[in-house]
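A.B. asks: My structure is below; once you've seen it, I'll send some questions.
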Amino acid sequence: MSLLDGKVAIVTGAGGGLGRCHALALAKEGAKVVVNDLGGARDGSGSGKAPADKVVEEIKAGGGNAVANYDSVGTMAGANNIVAAAINAFGRVDILINNAGILRDKTLLKMEEGWWDIVINVHLKGTFAVTQAAARQMAEQVTNGTATGGRIINTSSIAGLVGNFGQSNYGAAKAGIAGFTRVTALELAKFKITVNCIVPLAKTRLTEDIAMIPDSMRPEQVSPLVVFLASDLAAGITGKLFAIQGREMREFKYKMTDGATAAGDLWTPQEIANRFNEITA
Ligand code: NAI
C-alpha cells in the first residue's frame with residue numbers, strides 16, 4: 001500500500017517548477033493526478049498545452065495515472081473545468097494543490113492596474129475559484145459516504161508573510177491566501193476537509209533571477225511536505241502554514257504580544273505613546 005492509493009489529486013500550475021514535482025510525488029504515492037497548467041510565460045502571458053502534456057507523460061512513464069487540463073485557474077469557468085476533468089477521468093476529487101502562479105514585479109509608485117489585477121487574479125482569485133469548485137465536490141463525497149474527508153493545500157510566500165521589495169501585488173495575494181487558508185479551514189472542518197498552506201523557497205523559473213536562492217534549493221525538496229499534508233498521516237492538521245526550503249522546515253506562526261489594557265474606558269493617543277513598549281513587549 002502506498003500513502004495515496006485510490007486518491008484523486010488536482011495540482012494547478014503543474015506543468016513546471018514546484019507543481020510538476022508535487023504532481024510526480026503524489027503520483028508516486030499512488031494518487032491519480034489532474035495536471036493543470038495554462039502553459040504561459042512567467043508573467044502570465046500566452047498559453048500552451050506542452051508543459052501539462054509533458055508532465056502527464058512523465059507520470060505515465062513512471063507507471064502512474066494522470067490527465068492534463070489547460071484551463072486558467074483565474075476564472076470560475078476554468079476552475080469548474082479543472083474539477084470536471086478530475087470527475088470525468090477518475091470519478092472523484094480527494095486532494096487539491098493550489099500552486100499556479102505568475103509574477104509581475106514593480107514597486108508601488110510604478111505599479112500598473114493591469115499588473116496588480118492579473119497577479120491578484122491568478123493567485124488569490126485562482127485559489128478561491130478552484131478551492132470552491134473542489135470543496136463542493138469533496139463535501140458532496142463526504143455527505144454521500146464515498147469519502148471520509150478531503151485535503152486542500154495552498155501556496156503562500158515569504159513575500160506576503162514577511163515582505164519583499166517590489167512585490168506589493170504578489171505579496172498582497174500571497175498574504176491573502178494565508179488568510180483564506182485559515183478561514184476555509186474553519187468552514188470546511190465539519191466535512192473533515194483540511195486546509196493548510198505551504199510557504200516554499202526553491203529555484204524555479206519564478207526565482208531564477210534571485211541570487212539569494214541557490215540552485216541547491218530544489219523544488220522536489222518541497223514536495224514531501226505536500227504529500228504528507230495530502231495523506232492520512234496529516235489527519236486533523238488544518239489551518240496551518242509550513243515554511244520549507246531545502247532541508248529546512250518550520251511552522252510559520254503569527255504572534256501577538258501579551259499587550260496592555262487602557263487605564264480608562266478609551267486609550268488616548270498620549271497613553272499609547274507612553275505605554276508603547278508595554279503594548280509591543
Ligand atoms: P513556475 O513558474 O515554475 O510554475 C508556476 C506554474 O503555474 C507554471 O507552469 C505556469 O504555467 C502555471 N500557471 C500560471 N498561471 C496559471 C493559470 N492562470 N492557470 C493555471 N496555471 C497557471 O513557478 P514555481 O516557483 O514553481 O511556483 C509555484 C508556486 O509557488 C507559485 O504559486 C509561486 O508563487 C509559489 N512560490 C514559489 C517560490 C519559489 O521559491 N519558487 C517561493 C514562494 C512561493
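By convention here, the chains of the C-alpha cells are called A, B, ... in the order presented, each chain's residues are numbered starting at 1, and ligands are numbered starting at 1 in the order presented.
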How would you write, as a count of residues only, the set of residues no farther than 7 Å from ligand 1 when counting only C-alpha atoms and all ligand atoms?

C.D. replies: 41

A.B. asks: Within 9 Å of stretch 221-225 of chain A, which residues of stretch 4-75 of chain A come that close, and what is the closest atom pair and distance in Å for each? Count only C-alpha atoms and give it as CSV.

C.D. replies:
residue,atom,partner,partner_atom,distance
A:Leu18,CA,A:Val222,CA,7.4
A:Gly19,CA,A:Ser223,CA,8.5
A:Cys21,CA,A:Ser223,CA,6.2
A:His22,CA,A:Ser223,CA,4.9
A:Ala23,CA,A:Ser223,CA,8.5
A:Leu24,CA,A:Ser223,CA,8.8
A:Ala25,CA,A:Ser223,CA,6.4
A:Leu26,CA,A:Ser223,CA,8.3

A.B. asks: The selected residues should be written to file as a PDB file, in the first residue's frame (atoms: N, CA, C and O atoms).

C.D. replies:
ATOM      1  N   LEU A  18       7.599  23.840  -9.011  1.00  0.00           N
ATOM      2  CA  LEU A  18       7.109  23.119  -7.825  1.00  0.00           C
ATOM      3  C   LEU A  18       5.923  22.218  -8.157  1.00  0.00           C
ATOM      4  O   LEU A  18       5.838  21.088  -7.670  1.00  0.00           O
ATOM      5  N   GLY A  19       4.992  22.718  -8.971  1.00  0.00           N
ATOM      6  CA  GLY A  19       3.777  21.952  -9.268  1.00  0.00           C
ATOM      7  C   GLY A  19       4.089  20.622  -9.941  1.00  0.00           C
ATOM      8  O   GLY A  19       3.482  19.593  -9.627  1.00  0.00           O
ATOM      9  N   CYS A  21       6.814  18.873  -9.598  1.00  0.00           N
ATOM     10  CA  CYS A  21       7.375  17.975  -8.566  1.00  0.00           C
ATOM     11  C   CYS A  21       6.278  17.440  -7.649  1.00  0.00           C
ATOM     12  O   CYS A  21       6.303  16.263  -7.279  1.00  0.00           O
ATOM     13  N   HIS A  22       5.313  18.311  -7.291  1.00  0.00           N
ATOM     14  CA  HIS A  22       4.198  17.838  -6.447  1.00  0.00           C
ATOM     15  C   HIS A  22       3.424  16.741  -7.185  1.00  0.00           C
ATOM     16  O   HIS A  22       3.078  15.709  -6.602  1.00  0.00           O
ATOM     17  N   ALA A  23       3.133  16.975  -8.471  1.00  0.00           N
ATOM     18  CA  ALA A  23       2.339  16.011  -9.252  1.00  0.00           C
ATOM     19  C   ALA A  23       3.057  14.661  -9.333  1.00  0.00           C
ATOM     20  O   ALA A  23       2.452  13.602  -9.137  1.00  0.00           O
ATOM     21  N   LEU A  24       4.368  14.705  -9.594  1.00  0.00           N
ATOM     22  CA  LEU A  24       5.144  13.456  -9.686  1.00  0.00           C
ATOM     23  C   LEU A  24       5.168  12.731  -8.339  1.00  0.00           C
ATOM     24  O   LEU A  24       5.027  11.503  -8.269  1.00  0.00           O
ATOM     25  N   ALA A  25       5.324  13.504  -7.257  1.00  0.00           N
ATOM     26  CA  ALA A  25       5.412  12.892  -5.919  1.00  0.00           C
ATOM     27  C   ALA A  25       4.067  12.294  -5.499  1.00  0.00           C
ATOM     28  O   ALA A  25       4.024  11.211  -4.896  1.00  0.00           O
ATOM     29  N   LEU A  26       2.979  12.984  -5.797  1.00  0.00           N
ATOM     30  CA  LEU A  26       1.643  12.461  -5.459  1.00  0.00           C
ATOM     31  C   LEU A  26       1.365  11.184  -6.245  1.00  0.00           C
ATOM     32  O   LEU A  26       0.835  10.202  -5.711  1.00  0.00           O
TER      33      LEU A  26
END

A.B. asks: Could you give me, as a PDB file with N, CA, C and O atoms, in the first residue's frame, each residue of stretch 162-225 of chain A that DSSP assigns to alpha helix (DSSP H) when run on this structure's backbone?

C.D. replies:
ATOM      1  N   SER A 168       4.361  44.240  -4.186  1.00  0.00           N
ATOM      2  CA  SER A 168       3.145  44.568  -3.429  1.00  0.00           C
ATOM      3  C   SER A 168       1.945  43.778  -3.946  1.00  0.00           C
ATOM      4  O   SER A 168       1.100  43.332  -3.158  1.00  0.00           O
ATOM      5  N   ASN A 169       1.858  43.567  -5.264  1.00  0.00           N
ATOM      6  CA  ASN A 169       0.730  42.791  -5.814  1.00  0.00           C
ATOM      7  C   ASN A 169       0.835  41.321  -5.386  1.00  0.00           C
ATOM      8  O   ASN A 169      -0.104  40.733  -4.849  1.00  0.00           O
ATOM      9  N   TYR A 170       1.993  40.750  -5.609  1.00  0.00           N
ATOM     10  CA  TYR A 170       2.237  39.331  -5.277  1.00  0.00           C
ATOM     11  C   TYR A 170       2.142  39.104  -3.762  1.00  0.00           C
ATOM     12  O   TYR A 170       1.522  38.138  -3.297  1.00  0.00           O
ATOM     13  N   GLY A 171       2.753  40.013  -2.991  1.00  0.00           N
ATOM     14  CA  GLY A 171       2.736  39.875  -1.529  1.00  0.00           C
ATOM     15  C   GLY A 171       1.323  39.961  -0.974  1.00  0.00           C
ATOM     16  O   GLY A 171       0.946  39.198  -0.073  1.00  0.00           O
ATOM     17  N   ALA A 172       0.523  40.891  -1.527  1.00  0.00           N
ATOM     18  CA  ALA A 172      -0.871  41.024  -1.067  1.00  0.00           C
ATOM     19  C   ALA A 172      -1.644  39.750  -1.392  1.00  0.00           C
ATOM     20  O   ALA A 172      -2.415  39.246  -0.571  1.00  0.00           O
ATOM     21  N   ALA A 173      -1.435  39.207  -2.591  1.00  0.00           N
ATOM     22  CA  ALA A 173      -2.137  37.978  -2.978  1.00  0.00           C
ATOM     23  C   ALA A 173      -1.716  36.818  -2.076  1.00  0.00           C
ATOM     24  O   ALA A 173      -2.562  36.038  -1.605  1.00  0.00           O
ATOM     25  N   LYS A 174      -0.425  36.717  -1.809  1.00  0.00           N
ATOM     26  CA  LYS A 174       0.077  35.581  -1.036  1.00  0.00           C
ATOM     27  C   LYS A 174      -0.327  35.667   0.436  1.00  0.00           C
ATOM     28  O   LYS A 174      -0.573  34.634   1.080  1.00  0.00           O
ATOM     29  N   ALA A 175      -0.360  36.900   1.001  1.00  0.00           N
ATOM     30  CA  ALA A 175      -0.857  37.064   2.371  1.00  0.00           C
ATOM     31  C   ALA A 175      -2.357  36.766   2.396  1.00  0.00           C
ATOM     32  O   ALA A 175      -2.872  36.179   3.355  1.00  0.00           O
ATOM     33  N   GLY A 176      -3.061  37.156   1.337  1.00  0.00           N
ATOM     34  CA  GLY A 176      -4.487  36.846   1.229  1.00  0.00           C
ATOM     35  C   GLY A 176      -4.732  35.342   1.239  1.00  0.00           C
ATOM     36  O   GLY A 176      -5.689  34.864   1.855  1.00  0.00           O
ATOM     37  N   ILE A 177      -3.868  34.611   0.570  1.00  0.00           N
ATOM     38  CA  ILE A 177      -4.007  33.141   0.534  1.00  0.00           C
ATOM     39  C   ILE A 177      -3.833  32.557   1.939  1.00  0.00           C
ATOM     40  O   ILE A 177      -4.521  31.593   2.314  1.00  0.00           O
ATOM     41  N   ALA A 178      -2.949  33.149   2.738  1.00  0.00           N
ATOM     42  CA  ALA A 178      -2.771  32.669   4.118  1.00  0.00           C
ATOM     43  C   ALA A 178      -4.057  32.893   4.920  1.00  0.00           C
ATOM     44  O   ALA A 178      -4.513  32.000   5.654  1.00  0.00           O
ATOM     45  N   GLY A 179      -4.668  34.063   4.779  1.00  0.00           N
ATOM     46  CA  GLY A 179      -5.931  34.339   5.468  1.00  0.00           C
ATOM     47  C   GLY A 179      -7.043  33.426   4.973  1.00  0.00           C
ATOM     48  O   GLY A 179      -7.835  32.887   5.770  1.00  0.00           O
ATOM     49  N   PHE A 180      -7.097  33.240   3.655  1.00  0.00           N
ATOM     50  CA  PHE A 180      -8.094  32.349   3.040  1.00  0.00           C
ATOM     51  C   PHE A 180      -7.950  30.921   3.596  1.00  0.00           C
ATOM     52  O   PHE A 180      -8.942  30.236   3.861  1.00  0.00           O
ATOM     53  N   THR A 181      -6.714  30.503   3.814  1.00  0.00           N
ATOM     54  CA  THR A 181      -6.449  29.164   4.350  1.00  0.00           C
ATOM     55  C   THR A 181      -7.077  29.010   5.737  1.00  0.00           C
ATOM     56  O   THR A 181      -7.749  28.015   6.024  1.00  0.00           O
ATOM     57  N   ARG A 182      -6.843  30.017   6.596  1.00  0.00           N
ATOM     58  CA  ARG A 182      -7.322  29.888   7.970  1.00  0.00           C
ATOM     59  C   ARG A 182      -8.850  29.927   8.044  1.00  0.00           C
ATOM     60  O   ARG A 182      -9.462  29.195   8.826  1.00  0.00           O
ATOM     61  N   VAL A 183      -9.474  30.782   7.222  1.00  0.00           N
ATOM     62  CA  VAL A 183     -10.939  30.877   7.245  1.00  0.00           C
ATOM     63  C   VAL A 183     -11.577  29.603   6.678  1.00  0.00           C
ATOM     64  O   VAL A 183     -12.499  29.036   7.278  1.00  0.00           O
ATOM     65  N   THR A 184     -11.068  29.128   5.547  1.00  0.00           N
ATOM     66  CA  THR A 184     -11.688  27.945   4.941  1.00  0.00           C
ATOM     67  C   THR A 184     -11.416  26.688   5.773  1.00  0.00           C
ATOM     68  O   THR A 184     -12.228  25.763   5.775  1.00  0.00           O
ATOM     69  N   ALA A 185     -10.303  26.671   6.509  1.00  0.00           N
ATOM     70  CA  ALA A 185     -10.044  25.534   7.416  1.00  0.00           C
ATOM     71  C   ALA A 185     -11.157  25.446   8.457  1.00  0.00           C
ATOM     72  O   ALA A 185     -11.636  24.346   8.775  1.00  0.00           O
ATOM     73  N   LEU A 186     -11.584  26.602   8.979  1.00  0.00           N
ATOM     74  CA  LEU A 186     -12.681  26.612   9.962  1.00  0.00           C
ATOM     75  C   LEU A 186     -13.983  26.151   9.320  1.00  0.00           C
ATOM     76  O   LEU A 186     -14.724  25.339   9.875  1.00  0.00           O
ATOM     77  N   GLU A 187     -14.267  26.684   8.128  1.00  0.00           N
ATOM     78  CA  GLU A 187     -15.558  26.399   7.492  1.00  0.00           C
ATOM     79  C   GLU A 187     -15.698  24.950   7.042  1.00  0.00           C
ATOM     80  O   GLU A 187     -16.794  24.396   7.048  1.00  0.00           O
ATOM     81  N   LEU A 188     -14.588  24.351   6.594  1.00  0.00           N
ATOM     82  CA  LEU A 188     -14.672  23.004   5.999  1.00  0.00           C
ATOM     83  C   LEU A 188     -14.403  21.887   7.011  1.00  0.00           C
ATOM     84  O   LEU A 188     -14.481  20.706   6.668  1.00  0.00           O
ATOM     85  N   SER A 223       8.166  18.898  -2.154  1.00  0.00           N
ATOM     86  CA  SER A 223       7.008  18.017  -2.404  1.00  0.00           C
ATOM     87  C   SER A 223       6.704  16.998  -1.301  1.00  0.00           C
ATOM     88  O   SER A 223       5.526  16.666  -1.102  1.00  0.00           O
ATOM     89  N   PRO A 224       7.690  16.470  -0.558  1.00  0.00           N
ATOM     90  CA  PRO A 224       7.321  15.535   0.526  1.00  0.00           C
ATOM     91  C   PRO A 224       6.376  16.167   1.547  1.00  0.00           C
ATOM     92  O   PRO A 224       5.511  15.473   2.101  1.00  0.00           O
ATOM     93  N   LEU A 225       6.515  17.460   1.795  1.00  0.00           N
ATOM     94  CA  LEU A 225       5.596  18.151   2.712  1.00  0.00           C
ATOM     95  C   LEU A 225       4.179  18.142   2.134  1.00  0.00           C
ATOM     96  O   LEU A 225       3.198  17.923   2.861  1.00  0.00           O
TER      97      LEU A 225
END

A.B. asks: Which of these residues is nearest to A:Phe276, using only C-alpha atoms: A:Gly64, A:Gly264, A:Gly259, A:Gly246?

C.D. replies: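 For A:Phe276, the nearest of the candidates is A:Gly259.
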
A.B. asks: Interatomic distance between atom CA of A:Asp258 and atom CA of A:Asn196?

C.D. replies: 26.5 Å

A.B. asks: Among stretch 57-264 of chain A, which ones does DSSP place in strand (DSSP E or B), written as a count of residues only?

C.D. replies: 34

A.B. asks: Given the choices A:Ile59, A:Ile10, A:Ile95, A:Ala159, which gets closest to A:Asn81 if the distance is worked out from only C-alpha atoms?

C.D. replies: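 Closest to A:Asn81, using only C-alpha atoms: A:Ile10.
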